[in-house]
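Worksheet: the structure to be examined is printed underneath.
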Amino acid sequence: MNKKYLSLITLFTALALFLACGCTGSSAQTAETGDTVYIQYKGTYNNGTVFDESDPGDPIVFTLGQNSMIKGFEDAVYGMKVGDKKNIHLSPEEAYGNFNPDYVFNISRDMIPEDVEIYEGAQLIMSGVQGDVYSVVITGITNDTVEIDANHPMAGKELNFEINLVNIE
């Protein structure tokens, strides 16, 4: 076999192995479904008020694709690389949904156990008909009824996040 062709075959074989192992000059892994990601973040409302943030050196950890985070937040992490930082703005639909007035309703005051203190702003855990558990807030009280809001406290709000991807497993 001609030395020229043998050298070309060797070169193409080396190139094929190089590409197959993912050694394309960038060793940075991008976040994708199934990856466990470590995120430092800060969440703010549009007026700049911080509503939540991770502690320095203590990132939140979740697996992409398991829907354990709000949709817009998780979607923003896809494709990021370790060290990437991103600022995102989420509409209510991308976060906790719009405020639904149907989730505000009255219940009889005697449906709440006597040992439970009731006051406006109190958070209660209630069970649904099929055993589902819901966090609700008392928004009004009369002699006979208690007004309950089952919307998420951030429903209807636009949210902003500063995201820093610190690790991928």
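Ligands are numbered from 1 in the order shown, residues from 1 within each chain, and chains are lettered A, B, ... in the order they appear in the structure tokens.
Using only C-alpha atoms, the protein and nucleic acid residues lying no more than 10 Å from range 75-83 of chain A, apart from those fewer than 6 places from it along its own chain, are Ser27, Ala28, Gln29, Thr30, Ala31, Glu32, Thr33, Asp35, Val37, Tyr38, Ile39, Leu64, Gly65, Asn67, Met69, His89, Leu90, Glu94, Phe161, Ile163, Asn164, Leu165, Val166, Asn167 and Ile168 of chain A.
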task: List every residue of chain A that DSSP, applied to the backbone, labels as alpha helix (DSSP H), and write the result as a list in words.
output: Lys3, Lys4, Tyr5, Leu6, Ser7, Leu8, Ile9, Thr10, Leu11, Phe12, Thr13, Ala14, Leu15, Ala16, Leu17, Phe18, Leu19, Ala20, Lys71, Gly72, Phe73, Glu74, Asp75, Ala76 and Val77 of chain A
- prompt: Between A:Ala155, A:Leu124, A:Ile107, A:Val116, which has the minimum distance to Ile141 in chain A (counting only C-alpha atoms)?
  reply: A:Ile107
message: Please determine, counting only C-alpha atoms, which residue among A:Lys42, A:His152, A:Lys71, A:Lys86 has the shortest atom-to-atom distance to Pro59 in chain A.
response: A:Lys42
query: Pick the closest to Lys157 in chain A from A:Ser91, A:Ser54, A:Ser68, A:Asn47: which is it, counting only C-alpha atoms?
result: A:Ser91
field: Residues near Met111 in chain A, cut-off 12 Å, only C-alpha atoms, skip fewer than 3 positions along chain, as JSON, numbers by chain
entry: {"A": [106, 107, 108, 114, 115, 116, 118, 126, 127, 144, 145, 146, 147, 148]}
May I have the selected residues written with C-alpha atoms, as a compact mmCIF listing (two decimals), in the first residue's frame?
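Output saved as selection_2.txt:
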# COMPACT_ATOMS: atom_id res chain seq x y z
CA ASN A 106 -65.23 30.37 51.51
CA ILE A 107 -65.48 27.44 53.87
CA SER A 108 -67.51 27.08 57.01
CA GLU A 114 -60.73 24.37 67.15
CA ASP A 115 -57.05 24.05 68.10
CA VAL A 116 -55.96 25.81 64.88
CA ILE A 118 -57.13 31.42 62.43
CA MET A 126 -55.61 21.31 53.74
CA SER A 127 -56.49 17.95 52.23
CA ASP A 144 -69.46 31.95 60.00
CA THR A 145 -66.92 31.60 57.18
CA VAL A 146 -63.23 31.69 56.43
CA GLU A 147 -62.05 32.90 53.03
CA ILE A 148 -59.25 30.71 51.68
task: Excluding Asp102 in chain A and residues on its chain fewer than 2 positions from it, collect all residues at most 10 Å away from it, counting only C-alpha atoms, and give them as a list in words.
output: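 Everything that qualifies: Phe99, Asn100, Val104, Phe105, Asp149, Ala150 and Asn151 of chain A.
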Okay, now the selection with C-alpha atoms, as an mmCIF file, in the first residue's frame?
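out_24.cif, written as the output of this step:
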data_model
loop_
_atom_site.group_PDB
_atom_site.id
_atom_site.type_symbol
_atom_site.label_atom_id
_atom_site.label_comp_id
_atom_site.auth_asym_id
_atom_site.auth_seq_id
_atom_site.Cartn_x
_atom_site.Cartn_y
_atom_site.Cartn_z
ATOM 1 C CA PHE A 99 -53.794 34.355 39.701
ATOM 2 C CA ASN A 100 -57.011 32.323 39.483
ATOM 3 C CA VAL A 104 -60.383 31.817 46.362
ATOM 4 C CA PHE A 105 -63.382 30.391 48.193
ATOM 5 C CA ASP A 149 -56.839 31.488 48.815
ATOM 6 C CA ALA A 150 -55.318 28.360 47.269
ATOM 7 C CA ASN A 151 -53.267 30.239 44.646
#
- request: From chain A, collect each residue whose DSSP state is strand (DSSP E or B) and return the set as a ChimeraX atom specification.
  value: /A:30,36-44,50-53,55,58,60-63,81,85-90,104-108,123-127,133-141,145-149,159-168
Two-atom distance - CA of Thr142 in chain A, CA of Met154 in chain A (Å): 25.6 Å
